[in-house]
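Visitor: So that you have it, the file is target_11.txt, and it contains compact mmCIF, C-alpha atoms:
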# COMPACT_ATOMS: atom_id res chain seq x y z
CA MET A 1 -24.12 4.85 7.15
CA SER A 2 -23.20 5.51 10.71
CA ALA A 3 -23.94 8.59 12.71
CA VAL A 4 -21.22 11.12 13.32
CA SER A 5 -21.49 13.70 16.05
CA ALA A 6 -23.33 16.45 14.28
CA GLY A 7 -21.89 19.16 16.44
CA PHE A 8 -18.37 18.58 15.27
CA TRP A 9 -19.16 18.33 11.61
CA SER A 10 -21.31 21.38 11.62
CA LEU A 11 -18.22 23.40 12.48
CA TRP A 12 -16.77 22.90 9.03
CA TRP A 13 -19.09 21.14 6.73
CA GLY A 14 -22.48 22.43 7.89
CA ASP A 15 -24.44 23.29 4.79
CA LEU A 16 -22.36 21.06 2.54
CA LEU A 17 -23.39 18.08 4.63
CA THR A 18 -27.07 18.65 4.49
CA SER A 19 -27.07 19.06 0.72
CA ARG A 20 -24.76 16.17 -0.14
CA PHE A 21 -25.56 13.83 2.70
CA SER A 22 -26.93 10.93 0.74
CA VAL A 23 -24.81 11.35 -2.37
CA THR A 24 -21.30 10.20 -1.71
CA PRO A 25 -19.00 11.02 -4.60
CA GLY A 26 -17.11 8.31 -6.44
CA GLU A 27 -13.63 8.12 -7.85
CA GLY A 28 -14.51 9.32 -11.32
CA TYR A 29 -13.79 5.89 -12.80
CA LEU A 30 -17.37 5.05 -13.77
CA GLU A 31 -17.85 8.55 -15.12
CA ALA A 32 -14.67 8.27 -17.19
CA LEU A 33 -15.86 4.99 -18.72
CA GLN A 34 -18.73 6.88 -20.31
CA GLU A 35 -16.61 9.56 -21.96
CA GLU A 36 -16.55 9.54 -25.75
CA ASN A 37 -12.89 8.59 -26.03
CA VAL A 38 -13.19 5.65 -23.62
CA GLU A 39 -14.29 2.08 -24.21
CA ILE A 40 -14.47 -0.71 -21.66
CA VAL A 41 -13.86 -4.23 -22.97
CA ARG A 42 -15.02 -7.16 -20.86
CA THR A 43 -13.80 -9.92 -23.14
CA SER A 44 -10.52 -11.51 -22.08
CA ILE A 45 -7.33 -10.81 -23.98
CA LYS A 46 -6.11 -13.57 -26.28
CA GLU A 47 -2.80 -12.06 -27.30
CA ILE A 48 -0.84 -8.92 -27.87
CA THR A 49 0.78 -8.29 -31.25
CA SER A 50 3.36 -5.72 -32.31
CA ASN A 51 0.71 -3.00 -32.40
CA SER A 52 -2.58 -4.31 -30.96
CA VAL A 53 -4.40 -5.93 -28.11
CA VAL A 54 -6.48 -8.83 -29.48
CA THR A 55 -9.46 -10.22 -27.58
CA SER A 56 -10.58 -13.84 -27.40
CA GLU A 57 -13.30 -12.92 -29.90
CA GLY A 58 -10.59 -11.98 -32.37
CA LYS A 59 -11.13 -8.24 -32.32
CA ALA A 60 -7.90 -6.19 -32.53
CA TYR A 61 -7.47 -2.86 -30.77
CA PRO A 62 -4.45 -0.97 -32.20
CA VAL A 63 -2.78 1.18 -29.51
CA ASP A 64 0.36 3.29 -28.99
CA VAL A 65 0.73 2.53 -25.29
CA ILE A 66 -0.20 -0.39 -23.04
CA ILE A 67 -0.42 0.27 -19.30
CA ALA A 68 -0.60 -2.94 -17.27
CA ALA A 69 -2.44 -2.14 -14.03
CA THR A 70 -2.26 -5.79 -13.10
CA GLY A 71 -0.89 -5.62 -9.62
CA TYR A 72 1.72 -7.28 -7.53
CA ASP A 73 2.92 -10.58 -6.19
CA THR A 74 0.94 -10.61 -2.96
CA SER A 75 1.97 -14.04 -1.73
CA TYR A 76 3.62 -12.30 1.26
CA THR A 77 6.61 -14.60 1.13
CA PRO A 78 9.81 -12.68 1.84
CA ALA A 79 11.68 -11.59 -1.29
CA PHE A 80 14.87 -13.00 0.29
CA LYS A 81 15.91 -16.39 1.63
CA MET A 82 14.73 -16.77 5.20
CA THR A 83 16.18 -19.72 7.12
CA GLY A 84 15.09 -20.15 10.72
CA ARG A 85 15.56 -22.66 13.53
CA HIS A 86 16.27 -26.26 12.43
CA GLY A 87 16.96 -24.98 8.92
CA VAL A 88 13.30 -24.21 8.23
CA ASP A 89 12.91 -22.29 4.98
CA LEU A 90 10.05 -19.83 5.38
CA GLY A 91 9.50 -19.36 1.64
CA ALA A 92 9.23 -23.12 1.10
CA ARG A 93 6.89 -23.54 4.06
CA TRP A 94 4.59 -20.71 3.02
CA ALA A 95 4.54 -21.99 -0.55
CA LYS A 96 2.77 -25.05 0.92
CA THR A 97 0.71 -23.57 3.73
CA GLY A 98 0.13 -20.02 2.55
CA ALA A 99 1.26 -17.14 4.72
CA GLU A 100 0.54 -18.17 8.31
CA ALA A 101 1.60 -16.20 11.34
CA TYR A 102 0.83 -15.66 14.98
CA PHE A 103 -1.18 -12.47 15.30
CA THR A 104 0.01 -11.67 11.76
CA CYS A 105 3.49 -10.79 12.92
CA ALA A 106 5.40 -13.72 14.47
CA VAL A 107 6.20 -17.04 12.82
CA PRO A 108 7.13 -20.45 14.33
CA ASP A 109 10.83 -21.37 14.00
CA MET A 110 11.71 -17.78 13.19
CA PRO A 111 12.89 -16.54 16.60
CA ASN A 112 12.88 -12.79 17.17
CA TYR A 113 11.61 -12.22 13.66
CA PHE A 114 8.67 -9.90 13.34
CA SER A 115 6.99 -9.03 10.13
CA LYS A 116 4.61 -6.44 8.83
CA PHE A 117 1.88 -8.01 6.68
CA PRO A 118 2.75 -11.68 6.60
CA SER A 119 -1.01 -11.88 7.07
CA ILE A 120 -2.95 -14.93 8.02
CA THR A 121 -5.62 -13.86 5.59
CA ARG A 122 -5.12 -14.04 1.86
CA ASP A 123 -7.33 -11.05 1.34
CA THR A 124 -5.75 -7.75 0.43
CA SER A 125 -8.93 -5.78 1.02
CA MET A 126 -7.88 -4.43 4.39
CA LEU A 127 -4.29 -3.66 3.49
CA ASN A 128 -4.43 -0.01 2.65
CA MET B 1 45.37 -20.65 22.78
CA GLY B 2 46.26 -19.68 26.33
CA SER B 3 48.55 -21.99 28.28
CA LEU B 4 47.18 -23.99 31.17
CA SER B 5 49.69 -22.50 33.58
CA ALA B 6 48.32 -18.98 33.14
CA THR B 7 46.34 -17.50 36.00
CA PRO B 8 42.75 -18.67 35.52
CA THR B 9 40.24 -15.93 34.83
CA THR B 10 37.85 -15.65 37.71
CA LEU B 11 34.25 -14.63 37.13
CA PRO B 12 33.26 -11.61 39.19
CA LEU B 13 30.80 -12.45 41.96
CA VAL B 14 28.86 -9.31 41.25
CA THR B 15 28.40 -7.95 37.74
CA PRO B 16 29.15 -4.27 37.35
CA THR B 17 25.70 -3.53 35.90
CA PRO B 18 22.70 -2.88 38.11
CA LEU B 19 19.80 -5.33 38.22
CA ASN B 20 17.25 -4.97 35.39
CA THR B 21 19.58 -3.13 33.07
CA PRO B 22 18.44 -4.05 29.56
CA ARG B 23 21.13 -5.98 27.73
CA PRO B 24 22.29 -4.41 24.48
CA ILE B 25 20.12 -5.49 21.57
CA ARG B 26 20.81 -4.91 17.92
CA ILE B 27 17.91 -4.84 15.48
CA ILE B 28 18.02 -5.15 11.71
CA VAL B 29 15.07 -3.51 10.00
CA ILE B 30 14.25 -4.37 6.40
CA GLY B 31 12.66 -1.50 4.52
CA ALA B 32 12.43 2.26 5.14
CA GLY B 33 8.81 2.71 4.18
CA ILE B 34 6.07 3.83 6.54
CA SER B 35 6.62 0.82 8.86
CA GLY B 36 10.40 1.17 8.99
CA ILE B 37 10.13 4.89 9.72
CA ALA B 38 7.60 4.11 12.45
CA PHE B 39 10.12 1.75 14.05
CA ALA B 40 12.76 4.51 14.03
CA TYR B 41 10.31 6.65 15.98
CA LYS B 42 9.62 3.88 18.50
CA ALA B 43 13.34 3.23 18.83
CA LEU B 44 13.85 6.76 20.16
CA SER B 45 12.37 5.57 23.45
CA LEU B 46 14.19 2.21 23.63
CA THR B 47 17.17 1.74 25.92
CA ASN B 48 20.32 -0.08 24.85
CA VAL B 49 18.99 -0.74 21.36
CA THR B 50 20.95 -0.06 18.22
CA PHE B 51 19.53 -0.64 14.79
CA VAL B 52 20.19 -0.41 11.08
CA ILE B 53 17.62 -0.17 8.30
CA TYR B 54 18.45 -1.84 4.99
CA GLU B 55 16.53 -0.20 2.17
CA LYS B 56 16.72 -1.40 -1.44
CA ASN B 57 15.66 1.99 -2.84
CA ALA B 58 17.74 5.17 -2.96
CA ASP B 59 15.49 6.91 -0.46
CA VAL B 60 12.78 6.36 2.15
CA GLY B 61 9.05 6.03 1.43
CA GLY B 62 8.68 2.45 0.18
CA THR B 63 5.38 2.03 -1.63
CA TRP B 64 4.98 5.80 -1.85
CA PHE B 65 8.49 6.23 -3.22
CA GLU B 66 7.91 3.61 -5.91
CA SER B 67 4.27 4.05 -6.91
CA ARG B 68 4.03 7.02 -9.26
CA TYR B 69 1.41 6.13 -11.85
CA PRO B 70 -1.04 8.83 -12.95
CA GLY B 71 -3.60 9.48 -10.22
CA CYS B 72 -1.80 7.46 -7.55
CA SER B 73 -3.12 8.54 -4.18
CA CYS B 74 -4.34 7.17 -0.88
CA ASP B 75 -7.89 5.93 -0.93
CA ILE B 76 -8.56 6.58 2.71
CA PRO B 77 -8.37 10.15 4.03
CA ALA B 78 -4.83 11.46 4.52
CA HIS B 79 -5.60 12.41 8.11
CA SER B 80 -6.16 8.73 8.76
CA TYR B 81 -3.13 7.79 6.69
CA SER B 82 -0.77 9.36 9.24
CA TYR B 83 0.80 7.89 12.36
CA PRO B 84 -1.42 8.10 15.44
CA TRP B 85 1.24 10.16 17.21
CA VAL B 86 1.76 12.85 14.60
CA SER B 87 -0.84 14.93 12.84
CA ASN B 88 -0.25 16.91 9.68
CA PRO B 89 -2.27 20.12 9.59
CA GLU B 90 -0.88 20.81 6.12
CA TRP B 91 -2.54 18.01 4.13
CA SER B 92 -3.73 19.80 1.01
CA HIS B 93 -6.67 17.54 0.22
CA VAL B 94 -8.81 14.96 1.98
CA TYR B 95 -7.19 12.36 -0.33
CA VAL B 96 -3.62 13.25 -1.26
CA GLY B 97 -1.29 12.10 -4.03
CA ALA B 98 1.74 9.84 -3.73
CA GLU B 99 4.26 12.71 -3.83
CA GLU B 100 2.64 14.55 -0.93
CA ILE B 101 2.45 11.38 1.17
CA CYS B 102 6.08 10.57 0.41
CA GLU B 103 7.22 14.10 1.36
CA PHE B 104 5.40 13.88 4.69
CA TYR B 105 7.03 10.58 5.58
CA LYS B 106 10.41 11.81 4.36
CA ALA B 107 10.18 14.67 6.84
CA ARG B 108 9.32 12.20 9.62
CA ALA B 109 12.31 10.08 8.58
CA ARG B 110 14.60 13.09 9.00
CA GLU B 111 13.05 13.82 12.39
CA TYR B 112 13.46 10.22 13.62
CA ASN B 113 17.09 9.85 12.49
CA VAL B 114 16.28 7.35 9.76
CA TYR B 115 18.89 8.89 7.47
CA VAL B 116 21.53 8.27 10.14
CA ASN B 117 20.53 4.64 10.62
CA ALA B 118 19.62 3.56 7.09
CA LYS B 119 21.73 1.97 4.40
CA PHE B 120 20.14 2.81 1.07
CA ASN B 121 20.51 0.82 -2.16
CA HIS B 122 20.99 -2.26 0.04
CA ARG B 123 18.76 -5.19 -0.83
CA VAL B 124 18.54 -7.93 1.81
CA VAL B 125 19.25 -11.26 0.14
CA SER B 126 19.17 -13.67 3.07
CA CYS B 127 18.53 -14.04 6.79
CA GLU B 128 19.78 -17.11 8.59
CA TRP B 129 19.22 -17.91 12.26
CA ASP B 130 22.38 -18.89 14.12
CA ALA B 131 21.21 -20.88 17.14
CA GLU B 132 24.71 -21.01 18.63
CA VAL B 133 24.91 -17.28 19.19
CA GLY B 134 21.18 -16.56 19.12
CA ARG B 135 21.43 -14.07 16.32
CA TRP B 136 20.24 -13.59 12.78
CA LYS B 137 22.98 -13.50 10.17
CA VAL B 138 21.83 -11.14 7.47
CA LYS B 139 23.31 -10.56 4.03
CA ALA B 140 22.51 -7.49 1.97
CA LEU B 141 23.57 -6.67 -1.56
CA ASP B 142 24.94 -3.17 -2.05
CA GLU B 143 23.27 -2.42 -5.38
CA LYS B 144 25.85 0.22 -6.24
CA THR B 145 29.04 -1.73 -5.68
CA GLY B 146 27.71 -5.28 -6.10
CA VAL B 147 29.29 -6.18 -2.76
CA VAL B 148 27.36 -8.37 -0.33
CA VAL B 149 27.64 -7.01 3.20
CA GLU B 150 27.19 -9.27 6.21
CA ASP B 151 25.56 -8.16 9.41
CA GLU B 152 24.00 -9.74 12.46
CA ALA B 153 21.44 -8.88 15.09
CA GLU B 154 19.30 -10.38 17.84
CA VAL B 155 16.10 -9.23 16.15
CA VAL B 156 14.95 -8.84 12.54
CA LEU B 157 11.97 -6.69 11.67
CA ASN B 158 10.60 -7.24 8.19
CA CYS B 159 8.98 -3.97 7.18
CA ALA B 160 9.26 -4.70 3.46
CA GLY B 161 5.59 -4.38 2.53
CA VAL B 162 3.85 -6.14 -0.33
CA LEU B 163 3.24 -3.56 -3.03
CA ASN B 164 6.66 -3.66 -4.62
CA ARG B 165 6.98 -6.93 -6.50
CA TRP B 166 4.93 -5.83 -9.51
CA LYS B 167 4.36 -8.40 -12.19
CA TRP B 168 3.53 -8.45 -15.88
CA PRO B 169 0.26 -10.13 -16.81
CA GLU B 170 0.63 -13.53 -18.42
CA ILE B 171 -0.55 -12.63 -21.90
CA GLN B 172 0.80 -14.23 -25.02
CA GLY B 173 2.91 -11.81 -27.08
CA LEU B 174 3.02 -9.11 -24.40
CA HIS B 175 6.68 -8.37 -24.99
CA SER B 176 6.37 -8.44 -28.77
CA PHE B 177 4.44 -5.17 -28.51
CA GLU B 178 6.45 -2.48 -30.29
CA GLY B 179 4.74 0.54 -28.74
CA THR B 180 5.31 1.67 -25.16
CA LEU B 181 4.67 -0.98 -22.52
CA ALA B 182 4.36 0.26 -18.94
CA HIS B 183 3.32 -1.17 -15.57
CA THR B 184 1.69 0.95 -12.88
CA GLY B 185 4.12 -0.50 -10.30
CA ASN B 186 7.11 0.82 -12.24
CA TYR B 187 5.65 3.71 -14.15
CA PRO B 188 8.00 5.69 -16.43
CA GLN B 189 7.85 9.31 -15.25
CA ASP B 190 8.63 10.71 -18.71
CA LEU B 191 5.77 8.94 -20.50
CA ASP B 192 3.63 11.54 -22.26
CA LEU B 193 0.18 10.17 -23.12
CA THR B 194 -1.11 13.31 -24.82
CA GLY B 195 -2.95 12.40 -28.00
CA LYS B 196 -2.05 8.71 -27.74
CA SER B 197 -4.21 5.63 -28.07
CA VAL B 198 -3.86 3.83 -24.76
CA ALA B 199 -4.89 0.42 -23.45
CA VAL B 200 -5.24 0.01 -19.68
CA ILE B 201 -5.31 -3.62 -18.60
CA GLY B 202 -6.99 -4.32 -15.27
CA ALA B 203 -9.83 -3.06 -13.10
CA GLY B 204 -8.25 -3.02 -9.66
CA SER B 205 -7.28 -0.16 -7.38
CA SER B 206 -4.54 1.12 -9.70
CA ALA B 207 -6.65 1.01 -12.87
CA ILE B 208 -9.56 2.89 -11.32
CA GLN B 209 -7.16 5.70 -10.39
CA VAL B 210 -5.32 5.70 -13.74
CA VAL B 211 -8.37 5.70 -16.06
CA PRO B 212 -10.04 8.94 -14.90
CA THR B 213 -6.66 10.68 -14.58
CA ILE B 214 -5.43 10.06 -18.12
CA GLN B 215 -8.83 10.14 -19.88
CA PRO B 216 -8.79 13.92 -20.51
CA VAL B 217 -5.40 13.91 -22.27
CA VAL B 218 -5.40 10.71 -24.34
CA LYS B 219 -6.85 10.37 -27.83
CA SER B 220 -8.56 7.12 -26.98
CA LEU B 221 -8.57 4.78 -24.03
CA THR B 222 -9.54 1.14 -23.97
CA ASN B 223 -9.88 -0.41 -20.55
CA PHE B 224 -9.60 -4.19 -20.63
CA ALA B 225 -11.50 -5.19 -17.51
CA ARG B 226 -12.05 -8.92 -17.53
CA SER B 227 -13.57 -9.00 -14.05
CA ALA B 228 -16.12 -6.72 -12.50
CA THR B 229 -15.15 -4.59 -9.51
CA TRP B 230 -17.25 -2.95 -6.87
CA ILE B 231 -16.79 0.78 -7.32
CA ALA B 232 -17.93 2.08 -3.98
CA PRO B 233 -18.85 5.64 -3.39
CA GLN B 234 -15.78 7.31 -1.92
CA PHE B 235 -15.17 6.49 1.73
CA VAL B 236 -16.10 9.30 4.06
CA GLY B 237 -18.17 11.03 1.45
CA ARG B 238 -19.49 13.58 3.84
CA LEU B 239 -15.96 14.55 4.75
CA ALA B 240 -15.11 14.99 1.11
CA PRO B 241 -18.14 16.57 -0.54
CA ASP B 242 -16.22 17.07 -3.79
CA GLY B 243 -14.66 13.60 -3.78
CA ARG B 244 -10.99 13.50 -4.71
CA ARG B 245 -10.98 17.19 -5.49
CA THR B 246 -11.94 18.18 -1.93
CA ALA B 247 -9.21 20.53 -0.72
CA TYR B 248 -8.70 21.99 2.74
CA SER B 249 -9.05 25.77 2.75
CA GLU B 250 -6.38 27.99 4.28
CA GLU B 251 -8.79 28.72 7.08
CA GLN B 252 -9.25 25.03 7.86
CA LYS B 253 -5.51 24.42 7.83
CA ARG B 254 -4.93 27.42 10.08
CA LYS B 255 -7.40 26.03 12.59
CA PHE B 256 -5.69 22.61 12.39
CA ARG B 257 -2.32 24.29 12.94
CA GLU B 258 -3.40 26.45 15.86
CA ASP B 259 -5.61 24.03 17.75
CA ALA B 260 -3.91 20.66 18.23
CA GLU B 261 -6.80 19.28 20.25
CA TYR B 262 -9.25 20.24 17.52
CA LEU B 263 -7.12 18.49 14.90
CA LYS B 264 -6.89 15.40 17.09
CA GLN B 265 -10.64 15.33 17.49
CA TYR B 266 -11.08 15.76 13.73
CA ARG B 267 -8.77 12.78 13.13
CA ARG B 268 -10.73 10.70 15.64
CA GLU B 269 -13.91 11.43 13.73
CA VAL B 270 -12.28 10.41 10.44
CA ASP B 271 -11.08 7.16 11.98
CA HIS B 272 -14.44 6.53 13.54
CA GLU B 273 -16.14 7.01 10.21
CA LEU B 274 -13.78 4.50 8.56
CA ASN B 275 -13.94 1.95 11.36
CA SER B 276 -17.71 2.08 11.51
CA ARG B 277 -17.72 0.46 8.03
CA PHE B 278 -16.25 -2.70 9.46
CA PRO B 279 -19.59 -4.55 9.90
CA ASN B 280 -19.98 -4.32 6.10
CA PHE B 281 -17.30 -7.00 5.89
CA TYR B 282 -19.22 -9.60 7.89
CA LYS B 283 -20.35 -12.10 5.30
CA GLY B 284 -24.08 -12.38 4.94
CA SER B 285 -24.75 -9.73 7.57
CA PRO B 286 -27.62 -7.25 7.19
CA ARG B 287 -25.03 -4.48 7.05
CA GLN B 288 -23.25 -6.17 4.17
CA LYS B 289 -26.53 -6.63 2.29
CA ALA B 290 -27.44 -3.00 2.91
CA SER B 291 -24.11 -1.75 1.70
CA ARG B 292 -24.33 -3.95 -1.38
CA GLU B 293 -27.68 -2.41 -2.24
CA LEU B 294 -26.24 1.04 -1.70
CA VAL B 295 -23.20 0.43 -3.87
CA GLU B 296 -25.25 -1.24 -6.62
CA LYS B 297 -27.59 1.71 -6.66
CA SER B 298 -24.70 4.15 -6.76
CA MET B 299 -23.03 2.25 -9.62
CA ARG B 300 -26.24 2.14 -11.67
CA GLU B 301 -26.73 5.86 -11.15
CA ASN B 302 -23.17 6.63 -12.15
CA LEU B 303 -23.45 4.43 -15.24
CA ALA B 304 -26.85 5.75 -16.30
CA GLY B 305 -25.58 6.72 -19.75
CA MET B 306 -24.17 3.29 -20.54
CA ASP B 307 -25.68 0.49 -22.58
CA PRO B 308 -27.84 -1.42 -20.04
CA VAL B 309 -26.38 -4.85 -20.82
CA LEU B 310 -22.82 -3.61 -20.40
CA ARG B 311 -23.85 -1.69 -17.31
CA GLU B 312 -25.31 -4.76 -15.61
CA SER B 313 -22.23 -6.80 -16.51
CA LEU B 314 -20.11 -4.33 -14.55
CA ILE B 315 -21.99 -5.03 -11.32
CA PRO B 316 -20.08 -7.84 -9.58
CA ASP B 317 -21.80 -11.03 -8.48
CA PHE B 318 -19.64 -11.46 -5.38
CA ASP B 319 -20.28 -9.71 -2.08
CA VAL B 320 -19.07 -6.23 -1.24
CA GLY B 321 -15.74 -6.28 0.57
CA CYS B 322 -14.60 -9.69 -0.68
CA ARG B 323 -11.83 -8.17 -2.72
CA ARG B 324 -10.87 -4.94 -4.33
Output the structure of this file as structure tokens.
Guide:
Amino acid sequence: MSAVSAGFWSLWWGDLLTSRFSVTPGEGYLEALQEENVEIVRTSIKEITSNSVVTSEGKAYPVDVIIAATGYDTSYTPAFKMTGRHGVDLGARWAKTGAEAYFTCAVPDMPNYFSKFPSITRDTSMLN
Amino acid sequence: MGSLSATPTTLPLVTPTPLNTPRPIRIIVIGAGISGIAFAYKALSLTNVTFVIYEKNADVGGTWFESRYPGCSCDIPAHSYSYPWVSNPEWSHVYVGAEEICEFYKARAREYNVYVNAKFNHRVVSCEWDAEVGRWKVKALDEKTGVVVEDEAEVVLNCAGVLNRWKWPEIQGLHSFEGTLAHTGNYPQDLDLTGKSVAVIGAGSSAIQVVPTIQPVVKSLTNFARSATWIAPQFVGRLAPDGRRTAYSEEQKRKFREDAEYLKQYRREVDHELNSRFPNFYKGSPRQKASRELVEKSMRENLAGMDPVLRESLIPDFDVGCRR
């Protein structure tokens, strides 16, 4: 990991730094997976019934609550109809080409339209 | 129609406005999240610009107004998650929760006149370029009255963000489930998980915040994690020796409050620490290899108590930084 000016850090973190320098703490996710009331299942889900999640191996897990932490539509196409010069439909174009933009903010045929995150990359890893 | 015999209008030889006077520009901004609020700040220094912000929600904040699942917080330090031009000496922790982030940006919105210029509960439904007049014709649905309002402007800024169109997983029978079905992107605030058996589907950024947060209160938790995810040691570990729990002391906050230059320098160091990770994202680079080794080692250490086969299956086979 990169060097940080020691003088500055020593103002606040001094002794904490020296003791914890090489051990950077995690989120607590991996630790939680090993708690007694937690199980991680790697098999894909085949179906969900009225009271259970059933894996492709046929094992049923009865639960009270299902929380889907399955994310968002990150296609970057505007949620509204966007019609630019010569009747170009941005949603239709990006459905074919993927989200393409000049310097990630300006788009051909969309004059004076500037966008946050149309993104020329399809990768969300740098988003937040 | 005027008659031909009327005195013809003559164009003035000299316009009444001085040279280089900016012509009036109207701007329509879509979304009053962090980007929309930032524009309101920038607009304070623009001449001859008027603007309106259409916001589909009832208040400002965008992602941080909507995302309220258990454990939702920023995963880069809060001091880096602030505009470059305004520091917040009051951040309670190195990593702060959604509510605290939203409150901070709400205060900025008040300061930058967002509440004067925003129309809430207005969802933009279409933008159409009118080449004749050189303006965008914008339609927005007033969610409260059902009326579609029409507006126009020279410029449209789309500040709508991407973390708001949450979607259900495509799983057979999902909606036949008779218990409580929730999505992290639209989390019910009154859902009490105490003593419940809970399934969490997913292993992305939301899931890895939800799982450790609800684990202490639920009866049992099953995490369905089809794909492996790199669980990196927390960014800026040395800044946050106690991870997510690292709080700023009163003394630290007082120093931040009293010494603006000191706070600015502190923020520079935080940014530097984050930016210096960038080489890890170069595919096949020595830095990426090194960071992969580091993260693998950290994961194995953190999973020491787990069945070795399961543990190894949780280590991804793709490179660090490819996705999250």
Visitor: So which residues touch range 251-260 of chain B within 8 Å, counting all atoms listed in the file, skipping near sequence neighbours fewer than 2 positions away, as a PyMOL selection string?
Guide: (chain A and resi 12) or (chain B and resi 89-91+248-249+262-264)
Visitor: Would you put the residues from that selection into a file with C-alpha atoms, as a short mmCIF file (atom, residue, chain, number, x, y, z; two decimals), in the frame of the given file?
Guide:
data_model
loop_
_atom_site.label_atom_id
_atom_site.label_comp_id
_atom_site.auth_asym_id
_atom_site.auth_seq_id
_atom_site.Cartn_x
_atom_site.Cartn_y
_atom_site.Cartn_z
CA TRP A 12 -16.77 22.90 9.03
CA PRO B 89 -2.27 20.12 9.59
CA GLU B 90 -0.88 20.81 6.12
CA TRP B 91 -2.54 18.01 4.13
CA TYR B 248 -8.70 21.99 2.74
CA SER B 249 -9.05 25.77 2.75
CA TYR B 262 -9.25 20.24 17.52
CA LEU B 263 -7.12 18.49 14.90
CA LYS B 264 -6.89 15.40 17.09
#
Visitor: Given only C-alpha atoms as the basis, pick out the residue of B:Leu44, B:Glu269, B:Ala199, B:Ser298 nearest to Ala60 in chain A.
Guide: B:Ala199
Visitor: For Pro77 in chain B, list every protein, DNA or RNA residue within 9 Å, evaluated using only C-alpha atoms, and leave out those in the same chain fewer than 3 positions away; present the list as number ranges by chain.
Guide: B: 74, 80-81, 93-96, 235-236, 239-240, 270-271
Visitor: Restricting the calculation to all atoms listed in the file: of A:Val65, A:Ala101, A:Ala95, A:Leu90, which residue gets closest to Thr194 in chain B?
Guide: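 The closest residue to Thr194 in chain B is A:Val65.
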Visitor: How far is it from CA of Tyr282 in chain B to CA of Pro316 in chain B, in Å with one decimal?
Guide: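 For CA of Tyr282 in chain B relative to CA of Pro316 in chain B, the distance reads 17.6 Å.
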Visitor: Anything within 12 Å of (26.1, -10.5, -2.6): list those residues as a ChimeraX atom specification, counting all atoms listed in the file and sticking to the file's coordinates.
Guide: /A:80 /B:122-126,138-150
Visitor: Quick one: pull the distance between CA of Lys81 in chain A and CA of Lys137 in chain B, Å, one decimal.
Guide: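 Going from CA of Lys81 in chain A over to CA of Lys137 in chain B, I get 11.5 Å.
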Visitor: To one decimal place, how far is CA of Ile171 in chain B from CA of Pro78 in chain A in Å?
Guide: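 Taking CA of Ile171 in chain B as the start and CA of Pro78 in chain A as the end point, the length is 25.9 Å.
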Visitor: Hey, which of A:Leu33, A:Ile67, A:Val107, A:Ser56 ends up closest to chain B? Count only C-alpha atoms.
Guide: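 For chain B, the nearest of the candidates is A:Ile67.
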Visitor: Looking at all atoms listed in the file, which of B:Cys72, B:Leu181, B:Ala118, B:Ala225 is the one that sits closest to Ser50 in chain A?
Guide: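 Closest residue, counting all atoms listed in the file: B:Leu181.
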Visitor: Find the spatial neighbours of Gly173 in chain B, counting only C-alpha atoms, within a cut-off of 12 Å - ignore same-chain residues fewer than 5 positions away - and output them as a CSV table (one decimal) with C-alpha atoms, in the coordinates of the input.
Guide:
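The resulting file, around.csv, is shown below:
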chain,number,residue,atom,x,y,z
A,45,ILE,CA,-7.3,-10.8,-24.0
A,46,LYS,CA,-6.1,-13.6,-26.3
A,47,GLU,CA,-2.8,-12.1,-27.3
A,48,ILE,CA,-0.8,-8.9,-27.9
A,49,THR,CA,0.8,-8.3,-31.2
A,50,SER,CA,3.4,-5.7,-32.3
A,51,ASN,CA,0.7,-3.0,-32.4
A,52,SER,CA,-2.6,-4.3,-31.0
A,53,VAL,CA,-4.4,-5.9,-28.1
A,54,VAL,CA,-6.5,-8.8,-29.5
B,168,TRP,CA,3.5,-8.4,-15.9
B,178,GLU,CA,6.4,-2.5,-30.3
B,181,LEU,CA,4.7,-1.0,-22.5
Visitor: For a quick check of understanding, using only C-alpha atoms, which of A:Thr77, A:Pro108, A:Gly91, A:Thr83 has the smallest distance to chain B?
Guide: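 Nearest to chain B: A:Thr83.
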Visitor: For Leu303 in chain B, which residue among B:Ile231, B:Val210, B:Leu19, B:Ala290 is the nearest when counting all atoms listed in the file?
Guide: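 Comparing B:Ile231, B:Val210, B:Leu19, B:Ala290 against Leu303 in chain B, the winner is B:Ile231.
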Visitor: If you count all atoms listed in the file, which residues fall within 9 Å of range 20-33 of chain B, apart from same-chain ones fewer than 6 positions away, as an NGL selection string?
Guide: :B and (39 or 47-57 or 59-65 or 105 or 109 or 114 or 118 or 120 or 123-124 or 136 or 138 or 151-161)
Visitor: Contacts of Glu39 in chain A at 9 Å or less, counting only C-alpha atoms, minus same-chain residues fewer than 6 places along, as a PyMOL selection string?
Guide: (chain A and resi 33) or (chain B and resi 220-224)
